[in-house]
Amino acid sequence: MALKTFRPLTPTARFKALPSFEEVTKSKPEKSLLSPLKKSGGRNNNGRITCRHIGGGNKQRYRIVDFKRAKRGVNAEVVAIEYDPIRTARIALLSYTDGVKAYILAPVGLEVGMTVSAGPDAAPKVGNSLPLSKLPLGSAVHNVELVPGRGGQLARSAGQQVIVSNREGGYALLKLPSGEIRRVHEGCYATFGQVGNVNHMNVSSGKAGRSRWQGVRPTVRGMVMNPVDHPNGGGQGKSKGGGGRQHPQSPWGQLAKGLKTRRKHKTSDRFIVERRKRNK
């Protein structure tokens, strides 16, 4: 995927870098694989805002993506590469030999006309889904299951990949994008290759309006609020009493820096071989 840059004729265009969408081959989605998507505005079932900075944005419809790769041992042809407004990666439309259609995440190198399949007998090539026990060591994979049959949960966003580093005792050792090394049951499925749209991290909107189109509302710093609205608010400018030297907090008093939020005794701790932060 390439990025479009613009001549700096205005301050907005000076640093703007947007996706070119040159890899997208189909503009309209498959109707049978669409589902309505209701906007919450960040509110829960009581109407209270539980997630700030959400609201507005263009109307979107959810694309039903097959994270389980449920059809095993059946070949499928890649019909199109499409844009998905819900996620950072592109999606590929598959047409199986029995006529069924499905969406999958589009990895790097997957093109229209290629054939992909899923199952223990599939070849380790781009777009194929195999159990971790069948993948060569050193392979880059994505859409990795944590529990056999649950569907892929790891490495699903643009440019992500997991490295299969070793296998021992019925488990595969995976190096995650964060640097964490984790044990995953070798019966779990993973898709060969790296998630596409690698340059997504280099996209620069250029203006606040594009964030509003995506449903992202402005964020106001706590320090510039009043004391009634935020623990860091108050004071004339950056004062010592309010909005100054106290530790950064959320509006509800949760410390924002240094506080460990992971539970001390978590069930999945036994699967983590090496932490992302080794010195902590």
# chains A, B, ... in the order shown; residues from 1 in each chain; ligands from 1

$ residues_around --residues "region 123-140 of chain A" --least-positions-apart "3" --cutoff "7 Å" --atoms "only C-alpha atoms" --output "ChimeraX atom specification"
/A:107,109-110,116-120,161-166,172,186-194

$ write_last_selection --atoms "C-alpha atoms" --output "PDB file, in the first residue's frame"
ATOM      1  CA  PRO A 107      -2.288 -10.364   4.123  1.00  0.00           C
ATOM      2  CA  GLY A 109       1.038 -10.439  -1.162  1.00  0.00           C
ATOM      3  CA  LEU A 110      -2.533 -11.716  -1.487  1.00  0.00           C
ATOM      4  CA  VAL A 116      -6.294 -20.140  -0.576  1.00  0.00           C
ATOM      5  CA  SER A 117      -7.440 -22.905   1.750  1.00  0.00           C
ATOM      6  CA  ALA A 118      -7.577 -23.869   5.415  1.00  0.00           C
ATOM      7  CA  GLY A 119      -6.867 -27.133   7.186  1.00  0.00           C
ATOM      8  CA  PRO A 120      -4.012 -29.327   8.448  1.00  0.00           C
ATOM      9  CA  GLN A 161       2.620 -10.432  12.497  1.00  0.00           C
ATOM     10  CA  VAL A 162       3.502 -13.133  15.039  1.00  0.00           C
ATOM     11  CA  ILE A 163       6.655 -15.256  14.746  1.00  0.00           C
ATOM     12  CA  VAL A 164       6.461 -18.998  15.453  1.00  0.00           C
ATOM     13  CA  SER A 165       9.770 -19.385  17.318  1.00  0.00           C
ATOM     14  CA  ASN A 166       9.578 -22.885  18.831  1.00  0.00           C
ATOM     15  CA  ALA A 172       4.013 -23.337  20.276  1.00  0.00           C
ATOM     16  CA  GLU A 186      -0.362 -26.124  18.847  1.00  0.00           C
ATOM     17  CA  GLY A 187      -3.895 -27.124  17.819  1.00  0.00           C
ATOM     18  CA  CYS A 188      -4.786 -23.438  17.386  1.00  0.00           C
ATOM     19  CA  TYR A 189      -5.047 -22.160  13.836  1.00  0.00           C
ATOM     20  CA  ALA A 190      -3.120 -19.230  12.387  1.00  0.00           C
ATOM     21  CA  THR A 191      -3.032 -17.659   8.926  1.00  0.00           C
ATOM     22  CA  PHE A 192       0.292 -17.594   7.089  1.00  0.00           C
ATOM     23  CA  GLY A 193       1.731 -14.163   6.279  1.00  0.00           C
ATOM     24  CA  GLN A 194       1.685 -10.606   7.614  1.00  0.00           C
TER      25      GLN A 194
END

$ closest_atom_pairs --of "region 139-258 of chain A" --to "region 79-87 of chain A" --cutoff "12 Å" --atoms "only C-alpha atoms" --output "JSON lines"
{"residue": "A:Arg156", "atom": "CA", "partner": "A:Arg87", "partner_atom": "CA", "distance": 8.9}
{"residue": "A:Ser157", "atom": "CA", "partner": "A:Arg87", "partner_atom": "CA", "distance": 7.1}
{"residue": "A:Ala158", "atom": "CA", "partner": "A:Arg87", "partner_atom": "CA", "distance": 8.2}
{"residue": "A:Gly159", "atom": "CA", "partner": "A:Arg87", "partner_atom": "CA", "distance": 12.0}
{"residue": "A:Val195", "atom": "CA", "partner": "A:Arg87", "partner_atom": "CA", "distance": 11.7}
{"residue": "A:Gly196", "atom": "CA", "partner": "A:Ile81", "partner_atom": "CA", "distance": 10.7}
{"residue": "A:Asn197", "atom": "CA", "partner": "A:Tyr83", "partner_atom": "CA", "distance": 10.3}
{"residue": "A:His200", "atom": "CA", "partner": "A:Arg87", "partner_atom": "CA", "distance": 10.8}
{"residue": "A:Trp213", "atom": "CA", "partner": "A:Pro85", "partner_atom": "CA", "distance": 11.0}
{"residue": "A:Gln214", "atom": "CA", "partner": "A:Pro85", "partner_atom": "CA", "distance": 8.6}
{"residue": "A:Gly215", "atom": "CA", "partner": "A:Ile86", "partner_atom": "CA", "distance": 11.1}

$ write_last_selection --atoms "C-alpha atoms" --output "CSV table (one decimal), in the first residue's frame"
chain,number,residue,atom,x,y,z
A,156,ARG,CA,-5.4,-8.7,13.4
A,157,SER,CA,-4.6,-5.0,12.8
A,158,ALA,CA,-2.7,-3.5,9.8
A,159,GLY,CA,1.0,-4.6,9.5
A,195,VAL,CA,-1.5,-8.5,7.8
A,196,GLY,CA,-1.6,-6.1,4.8
A,197,ASN,CA,-1.9,-2.3,4.7
A,200,HIS,CA,-1.2,2.5,7.9
A,213,TRP,CA,-15.7,11.7,10.0
A,214,GLN,CA,-14.4,8.6,11.8
A,215,GLY,CA,-16.4,9.3,14.9

$ closest_atom_pairs --of "region 3-72 of chain A" --to "region 217-235 of chain A" --cutoff "12 Å" --atoms "only C-alpha atoms" --output "Markdown table"
| residue | atom | partner | partner_atom | distance |
| --- | --- | --- | --- | --- |
| A:Gly41 | CA | A:Arg217 | CA | 9.8 |
| A:Gly42 | CA | A:Arg217 | CA | 10.5 |
| A:Cys51 | CA | A:Arg217 | CA | 11.1 |
| A:Arg52 | CA | A:Arg217 | CA | 8.2 |
| A:His53 | CA | A:Arg217 | CA | 4.5 |
| A:Ile54 | CA | A:Arg217 | CA | 5.5 |
| A:Gly55 | CA | A:Arg217 | CA | 6.2 |
| A:Gly56 | CA | A:Arg217 | CA | 7.8 |
| A:Gly57 | CA | A:Arg217 | CA | 9.1 |

$ write_last_selection --atoms "N, CA and C atoms" --output "short mmCIF file (atom, residue, chain, number, x, y, z; two decimals), in the first residue's frame"
data_model
loop_
_atom_site.label_atom_id
_atom_site.label_comp_id
_atom_site.auth_asym_id
_atom_site.auth_seq_id
_atom_site.Cartn_x
_atom_site.Cartn_y
_atom_site.Cartn_z
N GLY A 41 -22.32 6.32 20.68
CA GLY A 41 -21.92 7.62 21.22
C GLY A 41 -21.12 7.49 22.50
N GLY A 42 -20.58 6.28 22.75
CA GLY A 42 -19.81 6.05 23.97
C GLY A 42 -20.67 5.80 25.19
N CYS A 51 -17.34 5.73 27.69
CA CYS A 51 -16.13 5.87 26.88
C CYS A 51 -16.17 7.24 26.21
N ARG A 52 -15.29 8.11 26.64
CA ARG A 52 -15.34 9.49 26.15
C ARG A 52 -14.79 9.60 24.72
N HIS A 53 -15.02 10.76 24.13
CA HIS A 53 -14.44 11.13 22.83
C HIS A 53 -15.00 10.31 21.67
N ILE A 54 -16.24 9.81 21.80
CA ILE A 54 -16.88 9.05 20.73
C ILE A 54 -18.19 9.74 20.37
N GLY A 55 -18.44 9.90 19.07
CA GLY A 55 -19.71 10.47 18.65
C GLY A 55 -19.65 10.97 17.23
N GLY A 56 -20.80 10.97 16.54
CA GLY A 56 -20.85 11.45 15.17
C GLY A 56 -20.20 10.45 14.22
N GLY A 57 -19.68 10.96 13.14
CA GLY A 57 -19.01 10.10 12.16
C GLY A 57 -19.95 9.60 11.08
#

$ atom_distance --atom1 "CA of Glu77 (chain A)" --atom2 "CA of Leu94 (chain A)"
5.5 Å

$ residues_around --residues "region 10-25 of chain A" --least-positions-apart "4" --cutoff "9 Å" --atoms "only C-alpha atoms" --output "PyMOL selection string"
chain A and resi 1-6+80-83+90+111-112+197+199-200+202-207

$ atom_distance --atom1 "CA of Thr88 (chain A)" --atom2 "CA of Leu105 (chain A)"
10.1 Å

$ select_by_dssp --residues "region 8-243 of chain A" --states "alpha helix (DSSP H)" --output "VMD selection string"
chain A and resid 11 to 14 208 to 213

$ write_last_selection --atoms "C-alpha atoms" --output "mmCIF file, in the first residue's frame"
data_model
loop_
_atom_site.group_PDB
_atom_site.id
_atom_site.type_symbol
_atom_site.label_atom_id
_atom_site.label_comp_id
_atom_site.auth_asym_id
_atom_site.auth_seq_id
_atom_site.Cartn_x
_atom_site.Cartn_y
_atom_site.Cartn_z
ATOM 1 C CA PRO A 11 -1.143 24.284 6.358
ATOM 2 C CA THR A 12 -3.584 21.362 6.200
ATOM 3 C CA ALA A 13 -1.896 19.798 3.182
ATOM 4 C CA ARG A 14 1.677 20.301 4.393
ATOM 5 C CA ALA A 208 -9.239 17.469 12.722
ATOM 6 C CA GLY A 209 -12.247 17.062 10.433
ATOM 7 C CA ARG A 210 -11.087 13.660 9.220
ATOM 8 C CA SER A 211 -11.134 12.384 12.816
ATOM 9 C CA ARG A 212 -14.700 13.640 13.147
ATOM 10 C CA TRP A 213 -15.677 11.670 10.025
#

$ atom_distance --atom1 "CA of Arg262 (chain A)" --atom2 "CA of Asn46 (chain A)"
27.1 Å

$ select_by_dssp --residues "region 13-257 of chain A" --states "strand (DSSP E)" --output "ChimeraX atom specification"
/A:17-19,34-36,61-63,76-82,91-96,101-105,115-116,129-131,140-142,144-145,152-154,162-168,171-175,181-185,189-192
